[in-house]
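File shown here: entry-v3.pdb, holding PDB, C-alpha atoms.
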```pdb
ATOM      1  CA  MET A   2       0.000   0.000   0.000  1.00  0.00           C
ATOM      2  CA  LYS A   3       1.562   3.274  -1.126  1.00  0.00           C
ATOM      3  CA  THR A   4      -1.077   5.860  -0.306  1.00  0.00           C
ATOM      4  CA  LEU A   5      -3.481   6.695   2.494  1.00  0.00           C
ATOM      5  CA  GLN A   6      -6.335   5.935   0.111  1.00  0.00           C
ATOM      6  CA  ASP A   7      -4.859   2.490  -0.588  1.00  0.00           C
ATOM      7  CA  ALA A   8      -4.795   1.809   3.139  1.00  0.00           C
ATOM      8  CA  TRP A   9      -8.385   2.984   3.578  1.00  0.00           C
ATOM      9  CA  ASP A  10      -9.577   0.870   0.639  1.00  0.00           C
ATOM     10  CA  TRP A  11      -7.928  -2.196   2.214  1.00  0.00           C
ATOM     11  CA  TYR A  12      -9.568  -1.538   5.571  1.00  0.00           C
ATOM     12  CA  ASP A  13     -12.999  -0.809   4.082  1.00  0.00           C
ATOM     13  CA  SER A  14     -12.933  -3.863   1.788  1.00  0.00           C
ATOM     14  CA  THR A  15     -11.761  -6.149   4.572  1.00  0.00           C
ATOM     15  CA  LYS A  16     -14.417  -4.969   7.028  1.00  0.00           C
ATOM     16  CA  THR A  17     -17.153  -5.142   4.379  1.00  0.00           C
ATOM     17  CA  ASN A  18     -16.311  -8.718   3.400  1.00  0.00           C
ATOM     18  CA  ILE A  19     -16.072  -9.943   6.988  1.00  0.00           C
ATOM     19  CA  ARG A  20     -19.495  -8.432   7.653  1.00  0.00           C
ATOM     20  CA  ARG A  21     -20.817 -10.242   4.581  1.00  0.00           C
ATOM     21  CA  MET A  22     -19.571 -13.542   5.972  1.00  0.00           C
ATOM     22  CA  GLN A  23     -21.158 -12.705   9.310  1.00  0.00           C
ATOM     23  CA  ARG A  24     -24.466 -12.020   7.568  1.00  0.00           C
ATOM     24  CA  LEU A  25     -24.140 -15.224   5.558  1.00  0.00           C
ATOM     25  CA  GLY A  26     -23.764 -17.239   8.739  1.00  0.00           C
ATOM     26  CA  SER A  27     -26.519 -15.409  10.599  1.00  0.00           C
ATOM     27  CA  ARG A  28     -29.188 -15.271   7.914  1.00  0.00           C
ATOM     28  CA  HIS A  29     -28.535 -17.661   5.048  1.00  0.00           C
ATOM     29  CA  TRP A  30     -26.246 -20.584   5.843  1.00  0.00           C
ATOM     30  CA  ASN A  31     -28.980 -22.836   7.205  1.00  0.00           C
ATOM     31  CA  ASP A  32     -31.396 -22.010   4.364  1.00  0.00           C
ATOM     32  CA  ASP A  33     -32.667 -25.269   2.875  1.00  0.00           C
ATOM     33  CA  SER A  34     -32.330 -23.837  -0.621  1.00  0.00           C
ATOM     34  CA  LEU A  35     -28.530 -24.120  -0.299  1.00  0.00           C
ATOM     35  CA  ALA A  36     -28.701 -27.905   0.042  1.00  0.00           C
ATOM     36  CA  GLY A  37     -27.066 -29.551  -2.969  1.00  0.00           C
ATOM     37  CA  THR A  38     -25.566 -26.313  -4.283  1.00  0.00           C
ATOM     38  CA  SER A  39     -21.918 -26.051  -5.310  1.00  0.00           C
ATOM     39  CA  ILE A  40     -20.928 -24.151  -2.160  1.00  0.00           C
ATOM     40  CA  ARG A  41     -22.158 -27.037   0.004  1.00  0.00           C
ATOM     41  CA  LYS A  42     -19.965 -29.418  -1.998  1.00  0.00           C
ATOM     42  CA  ASP A  43     -16.852 -27.235  -1.751  1.00  0.00           C
ATOM     43  CA  GLU A  44     -14.212 -28.795   0.539  1.00  0.00           C
ATOM     44  CA  LYS A  45     -13.654 -25.433   2.253  1.00  0.00           C
ATOM     45  CA  PHE A  46     -17.333 -25.001   3.141  1.00  0.00           C
ATOM     46  CA  LYS A  47     -19.156 -28.306   3.415  1.00  0.00           C
ATOM     47  CA  GLN A  48     -18.103 -29.030   7.011  1.00  0.00           C
ATOM     48  CA  ILE A  49     -18.747 -25.498   8.304  1.00  0.00           C
ATOM     49  CA  GLU A  50     -21.718 -24.726  10.540  1.00  0.00           C
ATOM     50  CA  ALA A  51     -23.503 -21.381  10.748  1.00  0.00           C
ATOM     51  CA  ASP A  52     -22.222 -20.891  14.289  1.00  0.00           C
ATOM     52  CA  ASP A  53     -18.648 -21.325  13.044  1.00  0.00           C
ATOM     53  CA  ILE A  54     -19.115 -18.579  10.470  1.00  0.00           C
ATOM     54  CA  ARG A  55     -20.687 -16.183  12.952  1.00  0.00           C
ATOM     55  CA  ARG A  56     -18.068 -16.840  15.627  1.00  0.00           C
ATOM     56  CA  GLU A  57     -15.061 -16.535  13.331  1.00  0.00           C
ATOM     57  CA  ALA A  58     -16.420 -13.437  11.601  1.00  0.00           C
ATOM     58  CA  SER A  59     -17.036 -11.747  14.952  1.00  0.00           C
ATOM     59  CA  ARG A  60     -13.526 -12.639  16.083  1.00  0.00           C
ATOM     60  CA  ALA A  61     -12.085 -11.144  12.894  1.00  0.00           C
ATOM     61  CA  LEU A  62     -14.141  -7.957  13.262  1.00  0.00           C
ATOM     62  CA  ASP A  63     -13.132  -7.265  16.868  1.00  0.00           C
ATOM     63  CA  PRO A  64      -9.642  -5.868  16.092  1.00  0.00           C
ATOM     64  CA  ILE A  65     -10.305  -4.558  12.577  1.00  0.00           C
ATOM     65  CA  ASP A  66     -10.496  -0.866  13.506  1.00  0.00           C
ATOM     66  CA  ASP A  67      -7.285  -1.062  15.517  1.00  0.00           C
ATOM     67  CA  LEU A  68      -5.535  -2.849  12.661  1.00  0.00           C
ATOM     68  CA  GLY A  69      -6.929  -0.263  10.272  1.00  0.00           C
ATOM     69  CA  ILE A  70      -5.444   2.579  12.323  1.00  0.00           C
ATOM     70  CA  LEU A  71      -2.093   0.800  12.460  1.00  0.00           C
ATOM     71  CA  VAL A  72      -1.978   0.522   8.685  1.00  0.00           C
ATOM     72  CA  LEU A  73      -3.405   3.988   8.018  1.00  0.00           C
ATOM     73  CA  PHE A  74      -0.866   5.745  10.217  1.00  0.00           C
ATOM     74  CA  SER A  75       2.065   3.704   8.905  1.00  0.00           C
ATOM     75  CA  VAL A  76       1.259   4.596   5.294  1.00  0.00           C
ATOM     76  CA  PHE A  77       0.529   8.198   6.251  1.00  0.00           C
ATOM     77  CA  GLU A  78       3.798   8.613   8.159  1.00  0.00           C
ATOM     78  CA  SER A  79       5.798   7.205   5.266  1.00  0.00           C
ATOM     79  CA  ALA A  80       4.077   9.552   2.797  1.00  0.00           C
ATOM     80  CA  VAL A  81       4.773  12.631   4.948  1.00  0.00           C
ATOM     81  CA  ARG A  82       8.410  11.739   5.564  1.00  0.00           C
ATOM     82  CA  ASP A  83       8.968  11.043   1.840  1.00  0.00           C
ATOM     83  CA  HIS A  84       7.335  14.346   0.908  1.00  0.00           C
ATOM     84  CA  LEU A  85       9.444  16.405   3.315  1.00  0.00           C
ATOM     85  CA  GLU A  86      12.608  14.586   2.303  1.00  0.00           C
ATOM     86  CA  GLY A  87      11.811  15.470  -1.310  1.00  0.00           C
ATOM     87  CA  VAL A  88      11.476  19.132  -0.316  1.00  0.00           C
ATOM     88  CA  VAL A  89      14.697  19.345   1.726  1.00  0.00           C
ATOM     89  CA  GLU A  90      17.028  17.241  -0.442  1.00  0.00           C
ATOM     90  CA  PRO A  91      17.075  19.610  -3.476  1.00  0.00           C
ATOM     91  CA  LEU A  92      17.671  22.580  -1.150  1.00  0.00           C
ATOM     92  CA  ARG A  93      20.614  20.807   0.432  1.00  0.00           C
ATOM     93  CA  ALA A  94      22.211  20.388  -2.979  1.00  0.00           C
ATOM     94  CA  THR A  95      22.316  24.181  -3.418  1.00  0.00           C
ATOM     95  CA  LEU A  96      24.187  24.816  -0.147  1.00  0.00           C
ATOM     96  CA  GLU A  97      27.890  25.568  -0.402  1.00  0.00           C
ATOM     97  CA  ARG A  98      29.040  25.977   3.176  1.00  0.00           C
ATOM     98  CA  THR A  99      29.861  22.826   5.092  1.00  0.00           C
ATOM     99  CA  VAL A 100      28.054  24.009   8.213  1.00  0.00           C
ATOM    100  CA  LEU A 101      24.841  24.547   6.259  1.00  0.00           C
ATOM    101  CA  GLN A 102      25.134  21.169   4.576  1.00  0.00           C
ATOM    102  CA  LYS A 103      25.597  19.583   8.004  1.00  0.00           C
ATOM    103  CA  ALA A 104      22.451  21.322   9.246  1.00  0.00           C
ATOM    104  CA  ALA A 105      20.551  20.071   6.199  1.00  0.00           C
ATOM    105  CA  ASP A 106      21.892  16.547   6.754  1.00  0.00           C
ATOM    106  CA  ASP A 107      20.711  16.663  10.362  1.00  0.00           C
ATOM    107  CA  ALA A 108      17.286  17.849   9.217  1.00  0.00           C
ATOM    108  CA  LEU A 109      17.050  15.019   6.706  1.00  0.00           C
ATOM    109  CA  GLU A 110      18.128  12.494   9.328  1.00  0.00           C
ATOM    110  CA  GLY A 111      15.397  13.726  11.651  1.00  0.00           C
ATOM    111  CA  ILE A 112      12.793  13.614   8.896  1.00  0.00           C
ATOM    112  CA  LYS A 113      13.742  10.072   7.879  1.00  0.00           C
ATOM    113  CA  TYR A 114      14.278   8.416  11.239  1.00  0.00           C
ATOM    114  CA  GLY A 115      13.508  10.822  14.073  1.00  0.00           C
ATOM    115  CA  SER A 116      10.453  11.292  16.259  1.00  0.00           C
ATOM    116  CA  PHE A 117       7.451  12.114  14.114  1.00  0.00           C
ATOM    117  CA  ALA A 118       6.166  14.564  16.716  1.00  0.00           C
ATOM    118  CA  ASN A 119       9.473  16.347  17.341  1.00  0.00           C
ATOM    119  CA  ASN A 120      10.993  16.273  13.877  1.00  0.00           C
ATOM    120  CA  VAL A 121       7.885  16.635  11.723  1.00  0.00           C
ATOM    121  CA  LEU A 122       4.824  17.931  13.544  1.00  0.00           C
ATOM    122  CA  THR A 123       6.514  20.503  15.785  1.00  0.00           C
ATOM    123  CA  PRO A 124       8.605  22.148  13.011  1.00  0.00           C
ATOM    124  CA  LEU A 125       5.581  22.315  10.697  1.00  0.00           C
ATOM    125  CA  GLN A 126       3.538  23.906  13.467  1.00  0.00           C
ATOM    126  CA  ASP A 127       6.343  26.381  14.267  1.00  0.00           C
ATOM    127  CA  GLN A 128       6.467  27.330  10.579  1.00  0.00           C
ATOM    128  CA  GLN A 129       2.662  27.746  10.627  1.00  0.00           C
ATOM    129  CA  ARG A 130       2.278  25.150   7.908  1.00  0.00           C
ATOM    130  CA  ILE A 131      -0.239  23.389  10.148  1.00  0.00           C
ATOM    131  CA  THR A 132      -2.326  24.578  13.085  1.00  0.00           C
ATOM    132  CA  ALA A 133      -1.804  23.466  16.662  1.00  0.00           C
ATOM    133  CA  GLU A 134      -5.249  21.863  16.522  1.00  0.00           C
ATOM    134  CA  LEU A 135      -4.396  19.767  13.468  1.00  0.00           C
ATOM    135  CA  SER A 136      -1.046  18.800  14.985  1.00  0.00           C
ATOM    136  CA  ASP A 137      -2.819  17.619  18.139  1.00  0.00           C
ATOM    137  CA  LYS A 138      -5.359  15.598  16.132  1.00  0.00           C
ATOM    138  CA  VAL A 139      -2.580  13.767  14.309  1.00  0.00           C
ATOM    139  CA  LYS A 140      -0.687  13.206  17.572  1.00  0.00           C
ATOM    140  CA  GLN A 141      -3.810  11.582  18.995  1.00  0.00           C
ATOM    141  CA  VAL A 142      -3.892   9.149  16.066  1.00  0.00           C
ATOM    142  CA  ARG A 143      -0.193   8.432  16.575  1.00  0.00           C
ATOM    143  CA  ASP A 144      -0.675   7.914  20.321  1.00  0.00           C
ATOM    144  CA  TYR A 145      -3.554   5.500  19.715  1.00  0.00           C
ATOM    145  CA  ARG A 146      -1.495   3.634  17.090  1.00  0.00           C
ATOM    146  CA  ASN A 147       1.413   3.321  19.525  1.00  0.00           C
ATOM    147  CA  TRP A 148      -0.871   2.050  22.293  1.00  0.00           C
ATOM    148  CA  VAL A 149      -2.321  -0.609  19.985  1.00  0.00           C
ATOM    149  CA  ALA A 150       1.123  -1.565  18.667  1.00  0.00           C
ATOM    150  CA  HIS A 151       2.351  -2.147  22.222  1.00  0.00           C
ATOM    151  CA  GLY A 152      -0.482  -4.490  23.120  1.00  0.00           C
ATOM    152  CA  ARG A 153      -3.222  -2.137  24.369  1.00  0.00           C
ATOM    153  CA  ARG A 154      -1.739  -2.281  27.857  1.00  0.00           C
ATOM    154  CA  GLU A 155      -3.773  -1.137  30.816  1.00  0.00           C
ATOM    155  CA  PRO A 156      -4.055   1.230  32.482  1.00  0.00           C
ATOM    156  CA  ARG A 157      -4.407   3.196  29.301  1.00  0.00           C
ATOM    157  CA  PRO A 158      -2.362   6.444  29.227  1.00  0.00           C
ATOM    158  CA  GLN A 159      -4.504   9.551  29.611  1.00  0.00           C
ATOM    159  CA  ASN A 160      -3.381  10.905  26.235  1.00  0.00           C
ATOM    160  CA  VAL A 161      -4.817   7.876  24.395  1.00  0.00           C
ATOM    161  CA  ILE A 162      -8.380   8.551  23.309  1.00  0.00           C
ATOM    162  CA  ASN A 163     -10.762   6.197  21.526  1.00  0.00           C
ATOM    163  CA  LEU A 164     -10.628   6.523  17.748  1.00  0.00           C
ATOM    164  CA  THR A 165     -12.251   4.634  14.893  1.00  0.00           C
ATOM    165  CA  ALA A 166     -10.463   3.970  11.637  1.00  0.00           C
ATOM    166  CA  SER A 167     -12.879   6.375   9.942  1.00  0.00           C
ATOM    167  CA  GLN A 168     -11.964   9.184  12.343  1.00  0.00           C
ATOM    168  CA  ALA A 169      -8.255   8.473  11.924  1.00  0.00           C
ATOM    169  CA  PHE A 170      -8.544   8.505   8.137  1.00  0.00           C
ATOM    170  CA  ALA A 171     -10.352  11.868   8.183  1.00  0.00           C
ATOM    171  CA  ARG A 172      -7.679  13.440  10.410  1.00  0.00           C
ATOM    172  CA  LEU A 173      -4.753  12.090   8.418  1.00  0.00           C
ATOM    173  CA  LYS A 174      -6.331  13.064   5.115  1.00  0.00           C
ATOM    174  CA  GLU A 175      -6.884  16.608   6.402  1.00  0.00           C
ATOM    175  CA  PHE A 176      -3.187  16.794   7.258  1.00  0.00           C
ATOM    176  CA  LEU A 177      -2.102  15.583   3.814  1.00  0.00           C
ATOM    177  CA  ASP A 178      -4.504  17.984   2.121  1.00  0.00           C
ATOM    178  CA  THR A 179      -3.151  20.872   4.203  1.00  0.00           C
ATOM    179  CA  LEU A 180       0.423  20.113   3.126  1.00  0.00           C
ATOM    180  CA  GLY A 181      -0.648  19.575  -0.465  1.00  0.00           C
ATOM    181  CA  ILE A 182       0.582  15.987  -0.571  1.00  0.00           C
ATOM    182  CA  ALA A 183      -1.213  14.478  -3.537  1.00  0.00           C
ATOM    183  CA  VAL A 184      -2.457  10.912  -3.691  1.00  0.00           C
ATOM    184  CA  GLU A 185      -0.159   8.890  -5.931  1.00  0.00           C
ATOM    185  CA  ALA A 186      -3.017   7.424  -7.952  1.00  0.00           C
ATOM    186  CA  GLU A 187      -4.186  10.948  -8.780  1.00  0.00           C
ATOM    187  CA  LEU A 188      -0.707  11.873 -10.007  1.00  0.00           C
ATOM    188  CA  GLU A 189      -0.579   8.805 -12.232  1.00  0.00           C
ATOM    189  CA  GLU A 190      -4.027   9.533 -13.667  1.00  0.00           C
ATOM    190  CA  LEU A 191      -3.049  13.147 -14.332  1.00  0.00           C
ATOM    191  CA  ALA A 192       0.120  12.074 -16.141  1.00  0.00           C
ATOM    192  CA  GLU A 193      -1.780   9.548 -18.249  1.00  0.00           C
ATOM    193  CA  SER A 194      -4.529  12.007 -19.155  1.00  0.00           C
ATOM    194  CA  SER A 195      -1.952  14.553 -20.367  1.00  0.00           C
ATOM    195  CA  GLN A 196      -0.370  12.117 -22.816  1.00  0.00           C
ATOM    196  CA  PRO A 197      -1.064  12.770 -26.515  1.00  0.00           C
ATOM    197  CA  GLY A 198      -3.891  10.645 -27.833  1.00  0.00           C
ATOM    198  CA  SER A 199      -5.304   9.942 -24.393  1.00  0.00           C
ATOM    199  CA  GLY A 200      -8.595  11.526 -25.370  1.00  0.00           C
ATOM    200  CA  GLU A 201      -8.564  13.690 -22.260  1.00  0.00           C
ATOM    201  CA  GLY A 202      -7.058  16.957 -21.135  1.00  0.00           C
ATOM    202  CA  PRO A 203      -7.279  20.422 -22.706  1.00  0.00           C
ATOM    203  CA  ASP A 204      -8.844  20.670 -26.140  1.00  0.00           C
TER     204      ASP A 204
END
```
Can you turn what I pasted into structure tokens?
Amino acid sequence: MKTLQDAWDWYDSTKTNIRRMQRLGSRHWNDDSLAGTSIRKDEKFKQIEADDIRREASRALDPIDDLGILVLFSVFESAVRDHLEGVVEPLRATLERTVLQKAADDALEGIKYGSFANNVLTPLQDQQRITAELSDKVKQVRDYRNWVAHGRREPRPQNVINLTASQAFARLKEFLDTLGIAVEAELEELAESSQPGSGEGPD
């Protein structure tokens, strides 16, 4: 998954299909009209009971939002770091003094590997590229992701608030939109539409 939209599409498709299986087990699996059909003869299905489908689907749904937030933030963080690295790297190449190049190298190191809050969010907020409110909303997604990644240990830290994958996606998308980080698929479509003979683009 390369983009935030890719991550959301994975989450949404996964949750939708698990819910379909849950509905199949709850409403249709014991329907007499399925007797003798190909699905009842399939080796992967013929020994399954409706209760098995319901139980396994519910078990799969329980952590899906947490897993979704893990994936969403990971893809988001990578996209932001790559974007900022692409902004700083060309500027570094224009610097002549060693001390300035060292400062640029340190900035790049922080962007690539440093704390996301300290090396990305705080500088962007200080430069007024993002608001304090938006920075805090993204930090809350990061804090929730970290809590999940470390096993949802109790007692839960006070800074960790409940978030759904949908809420996380909205916050992260707002951040990307604010920085003008385009979705890769959109860039590819734009490049293809501008090619001669594509049938699209300016007349």
Calculate how many Å separate atom CA of Lys140 of chain A from atom CA of Asn160 of chain A, rounding to one decimal.
9.4 Å
Exercise: Ala118 of chain A partners within 9 Å, only C-alpha atoms, chain neighbours under 5 positions left out, as a list in words:
Thr123, Pro124, Ser136, Lys140 and Arg143 of chain A
Please indicate the distance in Å from atom CA of Gln126 of chain A to atom CA of Ile112 of chain A, rounded to one decimal place.
14.6 Å
Protein, DNA and RNA residues within 9 Å of (-23.0, -22.1, 4.6), only C-alpha atoms, as JSON, numbers by chain
{"A": [25, 26, 29, 30, 31, 32, 35, 40, 41, 46, 47, 48, 49, 50, 51, 54]}
Can you give me, as a ChimeraX atom specification, the residues this file yields under the PyMOL selection byres ((chain A and resi 180) around 10)?
/A:81,84-85,125,130-131,174-179,181-183
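For Phe77 of chain A, the non-local neighbours within 7 Å, defined as residues at least 3 positions apart in the same chain or in other chains and counting all atoms listed in the file, are A:Leu5, A:Leu73, A:Phe74, A:Ala80, A:Val81, A:Leu173.
Nearest to Val149 of chain A of all the residues A:Val72, A:Arg172, A:Asp127, A:Val121 is A:Val72, based on all atoms listed in the file.
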